[in-house]
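Reading through the structure tokens given below for one structure.
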Amino acid sequence: MSIPPYDPSFLQDLQWRCIGPPRGGRVVAVAGVPVDPMTAYFGAVAGGVWKTTDGGTYWENVSDGFLNTSSIGALAMAPSDPNVIYAGTGETTIRLDVSYGDGVYKSTDAGKTWIHLGLEETRHIGEIRVHPNDPDLVYVAALGHAFGPNPERGVYRSRDGGRNWEKVLYRSPKAGAVDLAMDPNNPRLLYAAIWETYRNFWSLSSGGPDSGLFKSTDGGDTWTEISDNEGLPKGIKGKIGVAVSPAQTDRVWAIVESEQEGLYRSDDGGQQWQRVSDNRDLIHRPWYYCHVFADPCHADTVYVTNLKMWKSTDGGCRFEQVTTPHGDNHDLWIDPDDPRHLVQGNDGGACVSFNGGRSWSNIYNQLTAQLYRIDIDNQYPYRVYATQQDNASICVPSATEYGAIAWGHCFSPGTGESGFIAVHPENPDIVYLGAIGSSPGGNGVLQRYDRKTGQIRLVNVWPEESTGWAPKDLKYRFAWTYPIAISPHDPDVLYAGGNILFRSLDGGGSWEAISPDLSRNDPTKLEASGGPVTKDASGAEGYATLSTFVESEHEPGEFWVGTDDGLVHLSRDGGGHWDNITPPELPEWSYVGCVEVSPHDPASAYLSATRYKLDDYRPYLYKTEDYGRSWRSINGDFPQDQITRVVRADPVRAGLLFAGTETGVFVTFDDGEHWQPLRNNLPVVPVYDLKIKDSDLVAGTHGRSFWILDDLTPLRQLGPVTAGAAAGLFPPRCRIHI
């Protein structure tokens with residue numbers, strides 16, 4: 001039965017509840033306030049803008065309700081007016097989980113309210129600079145689309161506070177601006193770094209003939225390329241970071257990805273350069289870092305952020321580490337009046353220092369965790385599990401006897417930052433999780449965690465080293481987020497998905513292959529990632545693998561499998577035979593994020609897919625009612641600019657579905673014919689996974705930690721009659737009183 005969307009007012013009292021964890025996610029944009037040292041801001045890469053007024057002891061989100069996207073790539077406060085803040089959306093650290101933005105936002109009341117200033121199609125913004133004396137004169141370094149060519153990229157300028165923009169520097173549709181430096185003593189002098197780069201599902205490219213360094217001496221009216229000036233490296237360049245010294249006229253720093261990579265310095269405004277350091281520690285994985293910062297008071301002091309943070313006090317020749325609370329360091333703000341006052345952003349959050357980096361504020365006070373796949377145990381109160389990007393896996397209780405849920409109530413079941421996680425349904429002390437990138441064990445590392453003993457045991461399918469290797473040269477391929485599942489019919493049966501589906505009958509002690517290669521196995525998409533300057537075969541870009549797996553709850557041995565290169569397969573005999581049941585209308589190379597078997601009909605299943613890394617941001621939702629022999633689209637009236645990551649079916653009400661997107665959760669009451677947002681107080685955030693636990697809907701967000709929509713009873717009972725009534729009563733779910 002077709003059910004038109006309900007009036008949002010009928011759903012507004014359904015409130016989401018954040019349960020944490022308060023462990024920060026990646027931050028690439030920070031800003032401080034010189035006239036108020038206790039105040040600072042950070043932009044989470046998928047969690048909006050946050051503010052502290054007590055030196056980092058407590059952070060509060062100040063952008064909820066104003067932003068249409070959640071990823072912040074740049075922040076800038078107007079030096080002449082601390083009430084004016086510009087935020088550029090879409091990070092330029094374009095790793096596999098990168099989120100895109102929708103242009104520039106501005107606050108004129110220190111973050112209380114925000115307005116949208118346009119530049120929607122820039123998608124990813126690397127830097128913003130504001131004139132030191134005019135808060136309305138602002139420049140934006142726009143990278144543009146990360147997944148395809150587009151013209152809305154380069155350096156933009158506004159003279160009226162963002163009401164109107166002009167593109168003042170443009171290189172090509174495949175290269176955009178990633179960094180921008182302004183001389184505070186002569187703001188007509190600008191330096192811009194242009195970066196040719198792109199990413200898709202199977203590869204990352206950093207560098208090309210369109211990468212380069214540019215200078216303007218007239219406030220951006222005209223630009224001169226200085227990429228090949230004397231002393232700078234010749235040939236193809238990749239990512240470049242640039243900074244101007246406020247303490248010495250004409251001193252410019254550049255950290256350059258090239259065959260002669262390193263830190264370069266010019267003392268004549270960019271005419272001549274010298275490489276002052278070729279220290280590899282300054283330029284690991286340049287596409288991910290490549291940032292340099294000049295001390296505002298001491299000309300010979302310079303900082304470089306990378307895996308670690310580095311400081312030189314002798315003009316860049318020798319560096320010492322500045323210890324930060326977390327590795328993978330990105331942005332740094334230095335107080336122009338007191339260089340001991342720092343605000344820093346890293347993969348664990350944002351932190352503040354008042355003693356030059358000898359100590360920092362805490363990062364376990366930020367609800368910006370970036371979670372991948374989730375699972376839920378059968379305790380009471382139940383606990384929610386996930387892998388957290390740039391951290392270890394995490395377990396958080398859904399409730400505590402104290403009311404609040406603190407960091408002390410959480411624990412890490414293993415070290416997995418990537419992939420799926422599966423909790424033993426009869427023994428919640430046993431947890432299986434993917435840990436590529438955060439554990440020894442090589443390709444497809446799989447951990448078995450026992451909370452009772454505290455032991456982590458590696459139970460990989462095939463413990464083969466993969467770092468530095470092309471996927472085509474590996475025996476088996478496992479993605480960063482490869483599927484791990486426990487059989488709903490036998491809790492001792494464990495599954496793991498590489499390009500082949502594997503089964504273990506002894507908790508991972510031994511494995512057997514139960515499928516052929518279920519991917520397209522296109523060798524042109526299995527080369528080592530990276531280049532043309534720096535390879536990045538770190539295991540994150542594995543491709544042609546399983547992306548989702550489910551064993552039907554209705555029938556043991558009935559397996560539904562989706563791949564990251566756009567195929568769907570079904571086996572109904574325990575893996576003995578496989579049928580390709582890919583929906584004919586699903587475009588090639590789609591990422592199949594979720595297959596959900598209907599709890600009401602064993603022949604029915606739902607599928608969600610996305611193609612956003614091919615620069616296609618449309619939704620892809622399908623349903624089959626005959627074991628995949630035919631499919632129909634259930635996009636209905638789903639917004640055409642929302643990518644679909646996950647779809648879940650309610651086990652009580654047939655036709656009640658929930659979909660996770662890049663900005664939140666959508667709901668349908670008629671099996672996908674009509675959709676509407678289920679946001680209410682849920683912030684704008686990517687939702688990577690959804691699970692229904694009894695009558696609760698649990699969301700694993702990739703930027704704002706876990707959220708729970710308590711009690712789906714009203715949604716299960718809502719009908720045309722109740723929705724049309726002035727008031728209605730719903731029988732409540734069973735309550736437990738303790």
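A note on labels: chains of the structure tokens are A, B, ... as shown, every chain counts residues from 1, and ligands are counted from 1 in their shown order.
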Using only C-alpha atoms, which residues sit within 8 Å of A:Ala76 once same-chain residues fewer than 2 positions away are excluded, as a list in words? Val30, Ala31, Ala74, Ala78, Ile85, Tyr86, Ala87, Ile128, Arg129 and Val130 of chain A
Shell around A:Thr668 at 10 Å using only C-alpha atoms, local window under 3 positions removed, as a VMD selection string: chain A and resid 3 to 6 634 636 638 649 655 to 659 671 to 678 715
When you look at A:Phe730 with a cut-off of 8 Å (counting only C-alpha atoms), what residues show up, excluding the ones that are within fewer than 5 positions of it in the same chain? I need them as a PyMOL selection string. chain A and resi 713-714+717
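The closest residue to A:Arg157, picked from A:Ala175, A:Val384, A:Leu190, A:Ala544 and counting only C-alpha atoms, is A:Leu190.
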Which neighbours of stretch 272-275 of chain A fall inside 6 Å, counting only C-alpha atoms, when residues of the same chain fewer than 6 positions from it are skipped, and could you give them as a PyMOL selection string? chain A and resi 230-232+263-266
Pull the helix (DSSP H, G or I) assignments for stretch 215-433 of chain A out of DSSP run on the backbone, and list those residues as a PyMOL selection string. chain A and resi 280-282+407-409
Using only C-alpha atoms, which protein or nucleic acid residues come within 10 Å of A:Asp278? Drop anything in the same chain fewer than 5 positions from it, and give the result as a ChimeraX atom specification. /A:255,260-264,283,317
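Shell of A:Leu137 at 9 Å, with only C-alpha atoms counted and residues fewer than 4 places along the chain excluded, is Arg129, Val130, His131, Pro132, Asn133, Arg157, Ser158, Arg159, Asp160, Gly161 and Gly162 of chain A.
Atom to atom, atom CA of A:Gly24 and atom CA of A:Lys308 stand 17.4 Å apart.
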Contacts between stretch 327-339 of chain A and stretch 28-78 of chain A, please, where a residue of stretch 28-78 of chain A counts if it comes within 6 Å (with only C-alpha atoms); show its shortest atom pair and distance in Å to one decimal, rows by chain and ascending number, as a Markdown table.
```
| residue | atom | partner | partner_atom | distance |
| --- | --- | --- | --- | --- |
| A:Val28 | CA | A:Asp331 | CA | 5.2 |
| A:Ala29 | CA | A:Asp331 | CA | 5.6 |
| A:Ala31 | CA | A:Trp333 | CA | 5.8 |
| A:Pro34 | CA | A:Asp335 | CA | 5.8 |
```
For the residues in the current selection, export C-alpha atoms as a PDB file, in the first residue's frame.
```
ATOM      1  CA  VAL A  28      42.154  19.157   9.639  1.00  0.00           C
ATOM      2  CA  ALA A  29      40.955  22.690  10.451  1.00  0.00           C
ATOM      3  CA  ALA A  31      41.475  28.399  14.610  1.00  0.00           C
ATOM      4  CA  PRO A  34      44.365  35.979  20.013  1.00  0.00           C
TER       5      PRO A  34
END
```
Stretch 137-250 of chain A: residues DSSP assigns to strand (DSSP E), reported as a ChimeraX atom specification: /A:138-142,154-158,166-169,175-182,190-199,204-206,212-216,224-225,240-244
